[in-house]
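Have a look at the structure below before the remarks.
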Amino acid sequence: MDQIAYVNGSFVPLSEAKVSILDRGFLFADGIYEVSAVLDGKLIDNASHLARLERSVGEISLALPETIQRIQEIQKELIARNKLVNGMVYLEVTRGADKGRDFAFPKGVKPTLVMFTSEKDIVNAASAKTGIGVITVPDIRWARRDIKSVALLAQVLAKQAAAEAGAGEAWMIEDGLVTEGGSSSAFILTQDDVIVTRPNSNSILPGCTRKAVKMLAEERQLKVEERPFSIAEALAAKEAFITSASVFVQAVVSIDGKKVGSGTPGPMANRLREIYVDFARSTSV
Ligand code: PDD
């Protein structure tokens with residue numbers, strides 16, 4: 001059966017889900033997206049994702065075409081129509097399609113809102129047990145990475161380089177320090193058991209999973225320090241891991257082919273993963 005997508009007020013088969021070639025998301029990457037995980041048919045940490053959506057659209061002066069409450073209803077209806085058990089809901093809002101290609105904002109044009117789902121058994125993913133390798137690449141992105149913009153070409157190139165190297169993610173480097181993963185937040189666990197992750201700023205996306213993991217770790221009296229770290233420090237660390245809606249907490253076992261810690265997922269990454277999955281299940285909607 002064809003999957004169902006949502007396009008501007010209608011639920012349609014994915015193969016028929018289309019927007020104009022004049023859509024500003026297509027022409028200018030003038031749009032914002034969100035990815036929310038789904039476990040057992042329910043949305044994970046969705047209030048956090050929708051709050052970030054509101055912030056992102058505000059930062060580019062784009063008005064949402066639907067209320068946040070209605071957007072969540074549409075997400076849920078899409079999950080139900082697709083009978084999605086485990087996976088993700090992708091949503092994208094763009095500044096819509098005008099009659100031509102003017103850079104400045106068009107007047108009287110309704111924003112485009114699309115959504116589709118994808119299946120993924122995030123909890124039982126094979127990589128959760130084996131860990132992943134990461135490669136490092138220069139961070140060549142724009143200066144407002146806190147906005148979840150659909151302009152992802154730098155990440156496409158970074159993650160393609162990772163795929164070609166047989167790695168699961170690319171860590172982006174700026175001024176000798178890790179900013180974040182191509183589609184994830186980056187963490188290390190130091191030899192004296194401090195969880196280190198870069199503080200939120202314009203240099204990184206404020207990860208929803210990052211925020212929840214930090215809160216959950218602090219609740220358990222684990223030490224969390226927000227500061228940038230280098231690859232040398234990561235290679236000298238006990239553990240490394242990434243977080244995102246599409247992997248939750250995922251151990252990193254090598255960087256550029258060099259082992260991190262034991263070269264297998266460490267106890268802290270495994271523990272935080274379990275804690276996060278419990279949190280996810282108990283707060284899903
Ligand atoms: N990416 N940093 C970047 C650059 C990201 O693209 C993402 C998420 C994250 C983690 O954010 P969160 O925990 O809120 O998912 C950090 C999504 C999953 C994607 O592009 O598919």
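By convention in this document, the chains of the structure tokens carry letters A, B, ... by their order, each chain's residues are numbered from 1, and ligands are numbered from 1 in the order they are shown.
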Can you tell me which residues sit at most 7 Å away from ligand 1, counting only C-alpha atoms and all ligand atoms, written as a list in words?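 So, counting only C-alpha atoms and all ligand atoms, the residues near ligand 1 are Val35, His49, Glu180, Gly181, Gly182, Ser183, Ser184, Ser185, Ile204, Leu205, Pro206, Gly207, Cys208, Thr209, Arg210, Thr243, Ser244, Ala245 and Ser246 of chain A.
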How close does segment 87-125 of chain A get to segment 67-82 of chain A? List, as a Markdown table, each residue of segment 87-125 of chain A within 12 Å, its nearest atom pair and the distance in Å to one decimal, counting only C-alpha atoms.
```
| residue | atom | partner | partner_atom | distance |
| --- | --- | --- | --- | --- |
| A:Gly87 | CA | A:Ile79 | CA | 9.5 |
| A:Met88 | CA | A:Ile79 | CA | 9.0 |
| A:Val89 | CA | A:Gln75 | CA | 6.9 |
| A:Tyr90 | CA | A:Gln75 | CA | 8.8 |
| A:Leu91 | CA | A:Gln75 | CA | 8.4 |
| A:Glu92 | CA | A:Ile71 | CA | 10.9 |
| A:Val93 | CA | A:Ile71 | CA | 10.8 |
| A:Leu113 | CA | A:Ile71 | CA | 9.3 |
| A:Val114 | CA | A:Ile74 | CA | 10.0 |
| A:Met115 | CA | A:Gln75 | CA | 7.5 |
| A:Phe116 | CA | A:Leu78 | CA | 7.4 |
| A:Thr117 | CA | A:Ile79 | CA | 7.2 |
| A:Ser118 | CA | A:Asn82 | CA | 9.3 |
| A:Glu119 | CA | A:Asn82 | CA | 9.8 |
```
Could you please take those selected residues and save C-alpha atoms as a compact mmCIF listing (two decimals), in the first residue's frame?
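New file result.txt:
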```
# COMPACT_ATOMS: atom_id res chain seq x y z
CA GLY A 87 9.85 5.53 13.01
CA MET A 88 9.71 9.23 12.38
CA VAL A 89 7.40 11.99 11.21
CA TYR A 90 9.11 14.53 8.95
CA LEU A 91 7.51 17.94 8.61
CA GLU A 92 8.53 20.88 6.52
CA VAL A 93 7.14 24.39 6.20
CA LEU A 113 3.21 22.58 4.92
CA VAL A 114 4.09 18.96 4.11
CA MET A 115 4.60 15.86 6.24
CA PHE A 116 5.47 12.24 5.65
CA THR A 117 6.43 9.30 7.82
CA SER A 118 9.22 6.73 7.65
CA GLU A 119 9.63 3.43 9.43
```
Nearest to Met215 of chain A, chosen from A:Lys148, A:Asp192, A:Tyr276, A:Ala234, with only C-alpha atoms counted in the distances: A:Tyr276
Within 10 Å of segment 255-258 of chain A: each segment 165-206 of chain A residue with its shortest pair, only C-alpha atoms, as a tab-separated table:
```
residue	atom	partner	partner_atom	distance
A:Ala165	CA	A:Asp256	CA	8.9
A:Gly166	CA	A:Gly257	CA	9.8
A:Ala167	CA	A:Asp256	CA	8.6
A:Glu169	CA	A:Ile255	CA	9.7
A:Ala170	CA	A:Ile255	CA	9.1
A:Trp171	CA	A:Ile255	CA	8.7
```
Show me, as an mmCIF file with all heavy atoms, in the first residue's frame, the residues that have an atom within 8 Å of Gly261 of chain A when counting only C-alpha atoms, minus same-chain residues fewer than 6 positions from it.
```cif
data_model
loop_
_atom_site.group_PDB
_atom_site.id
_atom_site.type_symbol
_atom_site.label_atom_id
_atom_site.label_comp_id
_atom_site.auth_asym_id
_atom_site.auth_seq_id
_atom_site.Cartn_x
_atom_site.Cartn_y
_atom_site.Cartn_z
ATOM 1 N N LEU A 235 39.392 11.498 21.422
ATOM 2 C CA LEU A 235 40.150 10.240 21.287
ATOM 3 C C LEU A 235 40.762 9.805 22.622
ATOM 4 O O LEU A 235 41.030 8.625 22.833
ATOM 5 C CB LEU A 235 41.234 10.377 20.214
ATOM 6 C CG LEU A 235 40.692 10.344 18.775
ATOM 7 C CD1 LEU A 235 41.766 10.756 17.778
ATOM 8 C CD2 LEU A 235 40.120 8.958 18.432
ATOM 9 N N ALA A 236 40.948 10.756 23.522
ATOM 10 C CA ALA A 236 41.495 10.436 24.848
ATOM 11 C C ALA A 236 40.374 10.160 25.851
ATOM 12 O O ALA A 236 40.634 9.830 27.016
ATOM 13 C CB ALA A 236 42.361 11.596 25.330
ATOM 14 N N ALA A 237 39.112 10.290 25.401
ATOM 15 C CA ALA A 237 37.970 10.151 26.318
ATOM 16 C C ALA A 237 37.667 8.673 26.588
ATOM 17 O O ALA A 237 38.150 7.785 25.888
ATOM 18 C CB ALA A 237 36.741 10.833 25.713
ATOM 19 N N LYS A 238 36.827 8.446 27.609
ATOM 20 C CA LYS A 238 36.363 7.075 27.891
ATOM 21 C C LYS A 238 35.366 6.622 26.845
ATOM 22 O O LYS A 238 35.359 5.473 26.425
ATOM 23 C CB LYS A 238 35.639 7.062 29.246
ATOM 24 C CG LYS A 238 36.492 6.688 30.437
ATOM 25 C CD LYS A 238 35.576 6.468 31.645
ATOM 26 C CE LYS A 238 36.404 6.220 32.880
ATOM 27 N NZ LYS A 238 35.584 6.342 34.104
ATOM 28 N N GLU A 239 34.464 7.560 26.477
ATOM 29 C CA GLU A 239 33.392 7.214 25.551
ATOM 30 C C GLU A 239 33.037 8.435 24.708
ATOM 31 O O GLU A 239 33.336 9.570 25.080
ATOM 32 C CB GLU A 239 32.116 6.813 26.317
ATOM 33 C CG GLU A 239 32.239 5.574 27.163
ATOM 34 C CD GLU A 239 30.905 5.207 27.828
ATOM 35 O OE1 GLU A 239 29.838 5.505 27.266
ATOM 36 O OE2 GLU A 239 30.958 4.614 28.928
ATOM 37 N N VAL A 253 32.221 4.601 18.405
ATOM 38 C CA VAL A 253 33.327 3.734 18.843
ATOM 39 C C VAL A 253 34.642 4.020 18.116
ATOM 40 O O VAL A 253 35.691 3.512 18.507
ATOM 41 C CB VAL A 253 32.950 2.232 18.718
ATOM 42 C CG1 VAL A 253 31.807 1.897 19.669
ATOM 43 C CG2 VAL A 253 32.573 1.870 17.290
#
```
From the set A:Arg144, A:Arg227, A:Arg101, A:Arg220, which residue has the shortest atom-to-atom contact distance to Ser203 of chain A, counting only C-alpha atoms? A:Arg144
Just the strand (DSSP E) stuff from segment 77-274 of chain A, please, per backbone DSSP, written as a ChimeraX atom specification. /A:87-94,112-119,132-138,169-174,177-181,185-189,194-197,223-226,239-244,248-255,258-259
Which residues, written as a ChimeraX atom specification, have at least one atom at most 10 Å from Val19 of chain A, with only C-alpha atoms counted and residues fewer than 4 positions away on the same chain left out? /A:7-8,23,25-26,96-97,112-114
Written selection (N, CA, C and O atoms) as a PDB file, in the first residue's frame:
```pdb
ATOM      1  N   VAL A   7      -0.121  17.187   2.441  1.00  0.00           N
ATOM      2  CA  VAL A   7       0.310  18.361   1.666  1.00  0.00           C
ATOM      3  C   VAL A   7      -0.765  19.435   1.750  1.00  0.00           C
ATOM      4  O   VAL A   7      -1.873  19.257   1.222  1.00  0.00           O
ATOM      5  N   ASN A   8      -0.451  20.530   2.431  1.00  0.00           N
ATOM      6  CA  ASN A   8      -1.339  21.708   2.449  1.00  0.00           C
ATOM      7  C   ASN A   8      -2.814  21.382   2.640  1.00  0.00           C
ATOM      8  O   ASN A   8      -3.654  21.750   1.817  1.00  0.00           O
ATOM      9  N   ASP A  23       8.077  26.578  -5.527  1.00  0.00           N
ATOM     10  CA  ASP A  23       8.077  26.607  -4.055  1.00  0.00           C
ATOM     11  C   ASP A  23       9.429  27.110  -3.571  1.00  0.00           C
ATOM     12  O   ASP A  23      10.491  26.673  -4.022  1.00  0.00           O
ATOM     13  N   GLY A  25      10.907  26.610  -0.885  1.00  0.00           N
ATOM     14  CA  GLY A  25      11.742  25.581  -0.257  1.00  0.00           C
ATOM     15  C   GLY A  25      12.666  24.984  -1.305  1.00  0.00           C
ATOM     16  O   GLY A  25      13.856  24.766  -1.075  1.00  0.00           O
ATOM     17  N   PHE A  26      12.126  24.742  -2.496  1.00  0.00           N
ATOM     18  CA  PHE A  26      12.873  24.180  -3.618  1.00  0.00           C
ATOM     19  C   PHE A  26      13.852  25.201  -4.205  1.00  0.00           C
ATOM     20  O   PHE A  26      15.016  24.898  -4.449  1.00  0.00           O
ATOM     21  N   GLY A  96       6.306  29.034   0.720  1.00  0.00           N
ATOM     22  CA  GLY A  96       5.297  28.865  -0.317  1.00  0.00           C
ATOM     23  C   GLY A  96       5.798  29.165  -1.721  1.00  0.00           C
ATOM     24  O   GLY A  96       6.977  29.417  -1.947  1.00  0.00           O
ATOM     25  N   ALA A  97       4.879  29.108  -2.673  1.00  0.00           N
ATOM     26  CA  ALA A  97       5.206  29.297  -4.091  1.00  0.00           C
ATOM     27  C   ALA A  97       4.590  30.597  -4.587  1.00  0.00           C
ATOM     28  O   ALA A  97       3.372  30.765  -4.551  1.00  0.00           O
ATOM     29  N   THR A 112       3.819  26.673   2.545  1.00  0.00           N
ATOM     30  CA  THR A 112       3.605  25.259   2.240  1.00  0.00           C
ATOM     31  C   THR A 112       3.844  24.454   3.513  1.00  0.00           C
ATOM     32  O   THR A 112       4.832  24.703   4.218  1.00  0.00           O
ATOM     33  N   LEU A 113       2.974  23.493   3.789  1.00  0.00           N
ATOM     34  CA  LEU A 113       3.213  22.576   4.917  1.00  0.00           C
ATOM     35  C   LEU A 113       3.074  21.147   4.413  1.00  0.00           C
ATOM     36  O   LEU A 113       2.026  20.777   3.879  1.00  0.00           O
ATOM     37  N   VAL A 114       4.140  20.373   4.528  1.00  0.00           N
ATOM     38  CA  VAL A 114       4.088  18.962   4.112  1.00  0.00           C
ATOM     39  C   VAL A 114       4.600  18.072   5.250  1.00  0.00           C
ATOM     40  O   VAL A 114       5.406  18.505   6.082  1.00  0.00           O
TER      41      VAL A 114
END
```
